[in-house]
Structures are given as structure tokens and as C-alpha cells.
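Undergrad: Contents of my_file_12.cif (mmCIF, N, CA and C atoms) are below:
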data_my_file
loop_
_atom_site.label_atom_id
_atom_site.label_comp_id
_atom_site.auth_asym_id
_atom_site.auth_seq_id
_atom_site.Cartn_x
_atom_site.Cartn_y
_atom_site.Cartn_z
N MET A 1 143.88 109.30 124.90
CA MET A 1 143.79 110.63 125.46
C MET A 1 143.19 110.55 126.87
N ASP A 2 143.74 111.31 127.77
CA ASP A 2 143.26 111.39 129.15
C ASP A 2 141.83 111.96 129.16
N LEU A 3 140.95 111.40 130.00
CA LEU A 3 139.56 111.84 130.04
C LEU A 3 139.42 113.32 130.43
N ASN A 4 140.27 113.79 131.33
CA ASN A 4 140.20 115.21 131.71
C ASN A 4 140.54 116.10 130.53
N ASP A 5 141.56 115.74 129.76
CA ASP A 5 141.91 116.52 128.57
C ASP A 5 140.78 116.47 127.53
N LEU A 6 140.22 115.28 127.38
CA LEU A 6 139.14 115.11 126.41
C LEU A 6 137.93 115.95 126.80
N THR A 7 137.53 115.90 128.06
CA THR A 7 136.36 116.69 128.47
C THR A 7 136.65 118.18 128.39
N TYR A 8 137.89 118.58 128.60
CA TYR A 8 138.26 119.99 128.44
C TYR A 8 138.03 120.44 127.00
N GLN A 9 138.45 119.60 126.03
CA GLN A 9 138.25 119.93 124.62
C GLN A 9 136.76 119.93 124.26
N ILE A 10 136.03 118.97 124.79
CA ILE A 10 134.59 118.89 124.52
C ILE A 10 133.89 120.14 125.06
N ARG A 11 134.21 120.52 126.28
CA ARG A 11 133.61 121.71 126.89
C ARG A 11 133.93 122.96 126.06
N GLY A 12 135.14 123.05 125.55
CA GLY A 12 135.50 124.17 124.70
C GLY A 12 134.63 124.23 123.46
N ALA A 13 134.38 123.08 122.86
CA ALA A 13 133.52 123.02 121.67
C ALA A 13 132.09 123.42 122.03
N ILE A 14 131.61 122.96 123.18
CA ILE A 14 130.26 123.31 123.63
C ILE A 14 130.14 124.82 123.83
N TYR A 15 131.11 125.42 124.50
CA TYR A 15 131.08 126.86 124.73
C TYR A 15 131.12 127.64 123.40
N THR A 16 131.90 127.15 122.45
CA THR A 16 131.97 127.82 121.14
C THR A 16 130.62 127.79 120.44
N VAL A 17 129.97 126.64 120.45
CA VAL A 17 128.66 126.52 119.81
C VAL A 17 127.66 127.45 120.49
N HIS A 18 127.66 127.46 121.81
CA HIS A 18 126.71 128.31 122.53
C HIS A 18 126.98 129.79 122.25
N LYS A 19 128.24 130.16 122.21
CA LYS A 19 128.60 131.56 121.93
C LYS A 19 128.13 131.98 120.53
N GLU A 20 128.29 131.08 119.56
CA GLU A 20 127.93 131.40 118.18
C GLU A 20 126.42 131.40 117.94
N LEU A 21 125.71 130.44 118.54
CA LEU A 21 124.28 130.28 118.23
C LEU A 21 123.34 130.85 119.28
N GLY A 22 123.79 130.89 120.54
CA GLY A 22 122.92 131.37 121.61
C GLY A 22 121.79 130.39 121.89
N PRO A 23 120.89 130.76 122.80
CA PRO A 23 119.78 129.88 123.17
C PRO A 23 118.62 129.97 122.18
N GLY A 24 117.68 129.02 122.32
CA GLY A 24 116.41 129.12 121.60
C GLY A 24 116.24 128.27 120.36
N LEU A 25 117.24 127.47 120.02
CA LEU A 25 117.13 126.63 118.82
C LEU A 25 116.79 125.19 119.20
N LEU A 26 116.50 124.40 118.21
CA LEU A 26 116.21 122.97 118.43
C LEU A 26 117.50 122.21 118.77
N GLU A 27 117.34 121.12 119.49
CA GLU A 27 118.47 120.28 119.86
C GLU A 27 119.25 119.83 118.63
N SER A 28 118.54 119.54 117.55
CA SER A 28 119.19 119.03 116.34
C SER A 28 120.18 120.05 115.75
N VAL A 29 119.89 121.33 115.91
CA VAL A 29 120.79 122.38 115.41
C VAL A 29 122.07 122.38 116.23
N TYR A 30 121.92 122.32 117.56
CA TYR A 30 123.09 122.29 118.43
C TYR A 30 123.91 121.02 118.20
N GLU A 31 123.24 119.93 117.96
CA GLU A 31 123.94 118.66 117.70
C GLU A 31 124.79 118.78 116.44
N ALA A 32 124.22 119.31 115.37
CA ALA A 32 124.96 119.44 114.12
C ALA A 32 126.14 120.39 114.28
N ALA A 33 125.92 121.52 114.96
CA ALA A 33 126.99 122.49 115.16
C ALA A 33 128.10 121.90 116.05
N LEU A 34 127.70 121.17 117.09
CA LEU A 34 128.69 120.57 117.98
C LEU A 34 129.49 119.48 117.26
N MET A 35 128.84 118.71 116.41
CA MET A 35 129.58 117.72 115.61
C MET A 35 130.63 118.43 114.76
N HIS A 36 130.27 119.55 114.18
CA HIS A 36 131.21 120.32 113.36
C HIS A 36 132.40 120.80 114.21
N GLU A 37 132.12 121.35 115.38
CA GLU A 37 133.19 121.85 116.26
C GLU A 37 134.10 120.72 116.72
N LEU A 38 133.53 119.58 117.05
CA LEU A 38 134.35 118.44 117.49
C LEU A 38 135.25 117.96 116.36
N THR A 39 134.74 117.97 115.14
CA THR A 39 135.53 117.59 113.98
C THR A 39 136.67 118.59 113.77
N LEU A 40 136.37 119.88 113.91
CA LEU A 40 137.42 120.90 113.79
C LEU A 40 138.50 120.72 114.85
N ALA A 41 138.13 120.18 116.00
CA ALA A 41 139.09 119.93 117.09
C ALA A 41 139.82 118.61 116.91
N ASN A 42 139.62 117.96 115.75
CA ASN A 42 140.24 116.67 115.45
C ASN A 42 139.85 115.57 116.44
N LEU A 43 138.62 115.62 116.90
CA LEU A 43 138.10 114.57 117.78
C LEU A 43 137.19 113.68 116.97
N PHE A 44 137.28 112.38 117.21
CA PHE A 44 136.42 111.42 116.53
C PHE A 44 135.08 111.41 117.26
N ALA A 45 134.03 111.78 116.55
CA ALA A 45 132.70 111.83 117.14
C ALA A 45 131.67 111.24 116.19
N LYS A 46 130.71 110.57 116.79
CA LYS A 46 129.58 110.01 116.03
C LYS A 46 128.31 110.52 116.69
N ASN A 47 127.30 110.80 115.87
CA ASN A 47 126.03 111.21 116.45
C ASN A 47 124.95 110.18 116.16
N GLN A 48 123.91 110.25 116.99
CA GLN A 48 122.76 109.34 116.91
C GLN A 48 123.21 107.88 116.89
N VAL A 49 124.03 107.53 117.85
CA VAL A 49 124.57 106.17 117.98
C VAL A 49 123.53 105.29 118.66
N GLY A 50 123.17 104.19 118.01
CA GLY A 50 122.19 103.27 118.57
C GLY A 50 122.66 102.68 119.89
N LEU A 51 121.75 102.54 120.83
CA LEU A 51 122.06 101.99 122.14
C LEU A 51 121.12 100.82 122.41
N PRO A 52 121.64 99.61 122.31
CA PRO A 52 120.77 98.45 122.53
C PRO A 52 120.44 98.27 124.02
N VAL A 53 119.26 97.75 124.27
CA VAL A 53 118.87 97.36 125.62
C VAL A 53 118.74 95.85 125.61
N ILE A 54 119.61 95.20 126.36
CA ILE A 54 119.60 93.74 126.44
C ILE A 54 118.90 93.33 127.73
N TYR A 55 117.83 92.59 127.60
CA TYR A 55 117.07 92.12 128.76
C TYR A 55 117.00 90.60 128.71
N LYS A 56 117.64 89.97 129.70
CA LYS A 56 117.68 88.50 129.79
C LYS A 56 118.12 87.88 128.47
N GLY A 57 119.18 88.49 127.90
CA GLY A 57 119.76 87.94 126.68
C GLY A 57 119.05 88.32 125.40
N THR A 58 118.00 89.12 125.48
CA THR A 58 117.25 89.52 124.30
C THR A 58 117.41 91.01 124.06
N ASN A 59 117.74 91.35 122.80
CA ASN A 59 117.83 92.76 122.43
C ASN A 59 116.41 93.28 122.23
N LEU A 60 116.02 94.25 123.05
CA LEU A 60 114.65 94.78 123.00
C LEU A 60 114.44 95.76 121.85
N ASP A 61 115.52 96.21 121.21
CA ASP A 61 115.44 97.08 120.04
C ASP A 61 114.44 98.22 120.24
N LEU A 62 114.73 99.05 121.23
CA LEU A 62 113.83 100.14 121.59
C LEU A 62 114.14 101.45 120.88
N GLY A 63 115.24 101.50 120.17
CA GLY A 63 115.55 102.70 119.41
C GLY A 63 116.18 103.82 120.21
N PHE A 64 116.77 103.50 121.38
CA PHE A 64 117.50 104.53 122.12
C PHE A 64 118.70 104.98 121.31
N ARG A 65 119.01 106.27 121.39
CA ARG A 65 120.14 106.81 120.64
C ARG A 65 120.91 107.79 121.52
N LEU A 66 122.24 107.67 121.45
CA LEU A 66 123.11 108.64 122.10
C LEU A 66 123.21 109.83 121.17
N ASP A 67 123.07 111.03 121.70
CA ASP A 67 123.16 112.22 120.84
C ASP A 67 124.53 112.25 120.17
N ILE A 68 125.60 112.24 120.99
CA ILE A 68 126.96 112.24 120.45
C ILE A 68 127.84 111.37 121.32
N LEU A 69 128.70 110.59 120.68
CA LEU A 69 129.72 109.80 121.35
C LEU A 69 131.08 110.28 120.85
N VAL A 70 131.93 110.73 121.77
CA VAL A 70 133.22 111.31 121.41
C VAL A 70 134.35 110.37 121.79
N GLU A 71 135.21 110.07 120.80
CA GLU A 71 136.39 109.22 121.01
C GLU A 71 136.03 107.88 121.66
N ASN A 72 134.83 107.40 121.41
CA ASN A 72 134.35 106.14 122.01
C ASN A 72 134.54 106.11 123.51
N GLN A 73 134.42 107.29 124.15
CA GLN A 73 134.62 107.38 125.59
C GLN A 73 133.59 108.24 126.31
N VAL A 74 133.13 109.30 125.69
CA VAL A 74 132.27 110.27 126.38
C VAL A 74 130.96 110.45 125.62
N ILE A 75 129.85 110.30 126.35
CA ILE A 75 128.52 110.54 125.79
C ILE A 75 128.15 111.99 126.05
N ILE A 76 127.66 112.67 125.02
CA ILE A 76 127.12 114.01 125.20
C ILE A 76 125.61 113.93 124.96
N GLU A 77 124.86 114.35 125.96
CA GLU A 77 123.40 114.41 125.85
C GLU A 77 123.01 115.88 125.76
N ILE A 78 122.37 116.24 124.66
CA ILE A 78 122.03 117.62 124.36
C ILE A 78 120.56 117.89 124.69
N LYS A 79 120.34 119.00 125.37
CA LYS A 79 118.98 119.46 125.65
C LYS A 79 118.86 120.92 125.24
N SER A 80 117.62 121.33 124.97
CA SER A 80 117.29 122.73 124.74
C SER A 80 115.96 122.95 125.44
N VAL A 81 116.03 123.07 126.77
CA VAL A 81 114.84 123.15 127.61
C VAL A 81 114.97 124.34 128.57
N GLU A 82 113.85 124.71 129.22
CA GLU A 82 113.90 125.82 130.17
C GLU A 82 114.86 125.53 131.32
N LEU A 83 114.73 124.35 131.91
CA LEU A 83 115.58 123.94 133.03
C LEU A 83 115.90 122.47 132.90
N LEU A 84 117.09 122.09 133.32
CA LEU A 84 117.41 120.67 133.43
C LEU A 84 116.77 120.14 134.71
N HIS A 85 116.23 118.95 134.62
CA HIS A 85 115.61 118.30 135.77
C HIS A 85 116.34 117.00 136.07
N ASP A 86 116.04 116.42 137.21
CA ASP A 86 116.66 115.15 137.60
C ASP A 86 116.46 114.06 136.55
N VAL A 87 115.32 114.09 135.87
CA VAL A 87 115.04 113.06 134.87
C VAL A 87 116.07 113.13 133.73
N HIS A 88 116.56 114.31 133.39
CA HIS A 88 117.58 114.44 132.35
C HIS A 88 118.89 113.83 132.81
N LYS A 89 119.25 114.04 134.06
CA LYS A 89 120.47 113.45 134.61
C LYS A 89 120.34 111.94 134.67
N LYS A 90 119.17 111.47 135.08
CA LYS A 90 118.93 110.02 135.18
C LYS A 90 118.97 109.37 133.80
N GLN A 91 118.47 110.07 132.80
CA GLN A 91 118.52 109.55 131.43
C GLN A 91 119.96 109.30 131.01
N LEU A 92 120.82 110.28 131.22
CA LEU A 92 122.23 110.12 130.84
C LEU A 92 122.89 109.05 131.67
N LEU A 93 122.61 108.99 132.95
CA LEU A 93 123.19 107.94 133.80
C LEU A 93 122.75 106.55 133.33
N THR A 94 121.51 106.42 132.92
CA THR A 94 121.02 105.15 132.38
C THR A 94 121.75 104.80 131.09
N TYR A 95 121.96 105.79 130.22
CA TYR A 95 122.71 105.55 128.99
C TYR A 95 124.13 105.08 129.30
N LEU A 96 124.74 105.68 130.30
CA LEU A 96 126.09 105.27 130.70
C LEU A 96 126.09 103.82 131.19
N LYS A 97 125.11 103.47 132.00
CA LYS A 97 125.03 102.10 132.53
C LYS A 97 124.79 101.09 131.41
N LEU A 98 123.86 101.41 130.50
CA LEU A 98 123.54 100.49 129.41
C LEU A 98 124.71 100.31 128.44
N SER A 99 125.46 101.38 128.23
CA SER A 99 126.54 101.34 127.24
C SER A 99 127.87 100.86 127.82
N GLY A 100 128.04 101.02 129.12
CA GLY A 100 129.31 100.67 129.74
C GLY A 100 130.34 101.80 129.72
N TYR A 101 129.98 102.95 129.15
CA TYR A 101 130.88 104.09 129.17
C TYR A 101 130.88 104.71 130.56
N LYS A 102 131.98 105.35 130.92
CA LYS A 102 132.13 105.86 132.28
C LYS A 102 131.75 107.32 132.44
N LEU A 103 131.76 108.09 131.37
CA LEU A 103 131.59 109.54 131.51
C LEU A 103 130.62 110.10 130.49
N GLY A 104 129.77 111.02 130.98
CA GLY A 104 128.84 111.70 130.10
C GLY A 104 128.77 113.18 130.44
N ILE A 105 128.38 113.97 129.46
CA ILE A 105 128.19 115.40 129.66
C ILE A 105 126.77 115.74 129.22
N LEU A 106 126.04 116.34 130.13
CA LEU A 106 124.68 116.80 129.87
C LEU A 106 124.75 118.32 129.69
N VAL A 107 124.26 118.80 128.56
CA VAL A 107 124.32 120.25 128.30
C VAL A 107 122.95 120.76 127.87
N ASN A 108 122.56 121.87 128.48
CA ASN A 108 121.33 122.56 128.09
C ASN A 108 121.73 123.85 127.39
N PHE A 109 121.50 123.90 126.09
CA PHE A 109 121.88 125.07 125.30
C PHE A 109 120.86 126.22 125.41
N ASN A 110 119.69 125.96 125.98
CA ASN A 110 118.64 126.97 126.03
C ASN A 110 118.77 127.86 127.27
N VAL A 111 119.97 128.39 127.49
CA VAL A 111 120.24 129.28 128.61
C VAL A 111 121.04 130.48 128.09
N SER A 112 120.96 131.58 128.84
CA SER A 112 121.72 132.77 128.43
C SER A 112 123.21 132.57 128.61
N ILE A 113 123.58 131.91 129.73
CA ILE A 113 124.98 131.65 130.05
C ILE A 113 125.12 130.20 130.49
N LEU A 114 126.08 129.49 129.90
CA LEU A 114 126.36 128.12 130.34
C LEU A 114 127.04 128.16 131.69
N VAL A 115 126.45 127.47 132.67
CA VAL A 115 126.98 127.46 134.03
C VAL A 115 127.21 126.02 134.46
N ASP A 116 128.42 125.73 134.97
CA ASP A 116 128.71 124.40 135.48
C ASP A 116 127.69 124.02 136.56
N LYS A 117 127.30 122.75 136.54
CA LYS A 117 126.38 122.13 137.50
C LYS A 117 124.94 122.62 137.37
N GLU A 118 124.69 123.53 136.45
CA GLU A 118 123.30 123.96 136.19
C GLU A 118 122.91 123.64 134.75
N SER A 119 123.73 124.07 133.80
CA SER A 119 123.41 123.84 132.39
C SER A 119 124.48 123.02 131.68
N LEU A 120 125.57 122.73 132.39
CA LEU A 120 126.65 121.90 131.85
C LEU A 120 127.11 120.98 132.97
N ILE A 121 126.70 119.71 132.87
CA ILE A 121 126.89 118.78 133.98
C ILE A 121 127.68 117.56 133.52
N ARG A 122 128.71 117.23 134.27
CA ARG A 122 129.53 116.04 134.04
C ARG A 122 128.98 114.92 134.92
N ILE A 123 128.66 113.78 134.32
CA ILE A 123 128.09 112.66 135.05
C ILE A 123 129.00 111.44 134.87
N ILE A 124 129.34 110.83 136.00
CA ILE A 124 130.23 109.66 136.00
C ILE A 124 129.43 108.43 136.39
N ASN A 125 129.63 107.34 135.67
CA ASN A 125 128.99 106.06 135.99
C ASN A 125 129.90 105.31 136.93
#
How would this structure read if it were set down as C-alpha cells?

TA:
Amino acid sequence: MDLNDLTYQIRGAIYTVHKELGPGLLESVYEAALMHELTLANLFAKNQVGLPVIYKGTNLDLGFRLDILVENQVIIEIKSVELLHDVHKKQLLTYLKLSGYKLGILVNFNVSILVDKESLIRIIN
């Protein structure tokens, strides 16, 4: 599947979850609901995927986890915070670099309206 088509479907699922649940819940609730929506869209998704950190040939086993990995191509990092900060973007970019995946979506569900580049951000490695 083309990455643009895939991200279009993912964004649709994100908007559906936000419309149904609104802001103010824990990240784990949005993660579970988004997993359900992605499954309904016939997309292969896994949540809480382990992310190894290899340093000089040694697995540091730090327990990093990707919130959701869709079609083994796109990482979704879920937040439920007042505002997204640069550290949130850097976290996802680091996950992309460590995993070798090229595309990630950072979403903050704790907003009244999902807005591109503010609460829904596409990050490319």
C-alpha cells in the first residue's frame, strides 16, 4: 500500500476516535480505541511493540515501546497532553531512527479540535 494512502486511512481512524471520545482521557484509552478503528479499516496494526536499542553491538534492553505500528510501516505515537512540545517530536523521530521506519504520526488527543501541524503531526525520518 502507498504510504500516502496508508496515512490517509490512519488519519481517518484518528479523527473517528477523537470525534467519538473527545479530549481528556488517558493515552491508553485512545490507544485501545485507535487499535479497534484500525482493525475495522482492515489495517494490520500492533500496539506496544518493543523497540530495542543497540549500542556497540549490545542490546541495552531499555523497554522502549512503540504505541502503535501500522502495516509494519508507520509508527503512531499517542499523547494526551495540554500541548505538544519539541521533545514529543524528537521522541518520535528517535523511534523512527532506532527502528528504521520512515514515517511516524504524532497525535495529541487532548485537544478540542485536531489540527494539522499542531495536534496531528506527520514526521519523516

Undergrad: Quick one: what's the axis-aligned box for region 39-47 of chain A, all listed atoms, 4 Å on every side, centre and edges in Å to one decimal, as AutoDock Vina command-line options?

TA:
--center_x 132.6 --center_y 115.5 --center_z 115.8 --size_x 23.3 --size_y 18.9 --size_z 12.0

Undergrad: Applying the PyMOL selection byres ((chain A and resi 119) around 6.5) to the file I just gave you, which residues come out? Please list them as JSON, numbers by chain.

TA: {"A": [106, 107, 108, 109, 114, 115, 116, 117, 118, 120, 121]}

Undergrad: Using only C-alpha atoms, find the one residue out of A:Thr16, A:Leu6, A:Met35, A:Leu98 that sits nearest to Tyr55 (chain A).

TA: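 The shortest atom-to-atom distance to Tyr55 (chain A) comes from A:Leu98.
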
Undergrad: Residues near Ile68 (chain A), anyone? I mean within 7 Å using only C-alpha atoms, not counting same-chain ones fewer than 3 positions away, as a list in words.

TA: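 Non-adjacent residues within range: Ala45, Lys46, Asn47, Gln48, Val49, Ile75, Ile76 and Glu77 of chain A.
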
Undergrad: Apply the PyMOL selection byres (((chain A and resi 99 and name CA) around 12) and name CA) to the structure shown and report the selected residues as a ChimeraX atom specification.

TA: /A:49-54,64-66,69,72-75,92-98,100-104,125

Undergrad: May I ask for the distance between CA of Ile105 (chain A) and CA of Ala32 (chain A), given in Å to one decimal place?

TA: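 It comes out at 16.4 Å.
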
Undergrad: Mind listing the strand (DSSP E or B) residues of chain A, per DSSP on the backbone, as JSON, numbers by chain?

TA: {"A": [45, 46, 47, 48, 49, 50, 51, 54, 55, 58, 59, 64, 65, 66, 67, 68, 69, 70, 74, 75, 76, 77, 78, 79, 103, 104, 105, 106, 107, 108, 116, 120, 121, 122, 123, 124]}

Undergrad: Using all atoms listed in the file, find the one residue out of A:Ile78, A:Gly12, A:Ile124, A:Ser112 that sits nearest to Tyr30 (chain A).

TA: A:Ile78

Undergrad: I'd like the interatomic distance between CA of His88 (chain A) and CA of Arg122 (chain A), to a tenth of an Å.

TA: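 Here the two named atoms are 12.2 Å from each other.
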
Undergrad: Take atom C of Thr7 (chain A) and atom N of Gly24 (chain A) and report the distance between them in Å, one decimal.

TA: 22.7 Å

Undergrad: Can you list, as an MDAnalysis selection string, every residue of region 25-105 of chain A that DSSP puts in alpha helix (DSSP H)?

TA: chainID A and resid 27:40 86:99

Undergrad: Could you tell me which of A:Gln91, A:Gln9, A:Asn110, A:Ser80 comes closest to Leu38 (chain A) if we count only N, CA and C atoms?

TA: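 For Leu38 (chain A), the nearest of the candidates is A:Gln9.
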
Undergrad: Just the residues within 12 Å of Ala33 (chain A), please, counting only C-alpha atoms, with nothing from its chain fewer than 3 positions along; format it as a PyMOL selection string.

TA: chain A and resi 13-22+25-30+36-40+47+68+78+109

Undergrad: Select, from A:Arg11, A:Pro23, A:Lys89, A:Asp5, the residue with the minimum atom-to-atom distance to Ile113 (chain A), counting only N, CA and C atoms.

TA: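 Among A:Arg11, A:Pro23, A:Lys89, A:Asp5, it is A:Pro23 that comes nearest to Ile113 (chain A).
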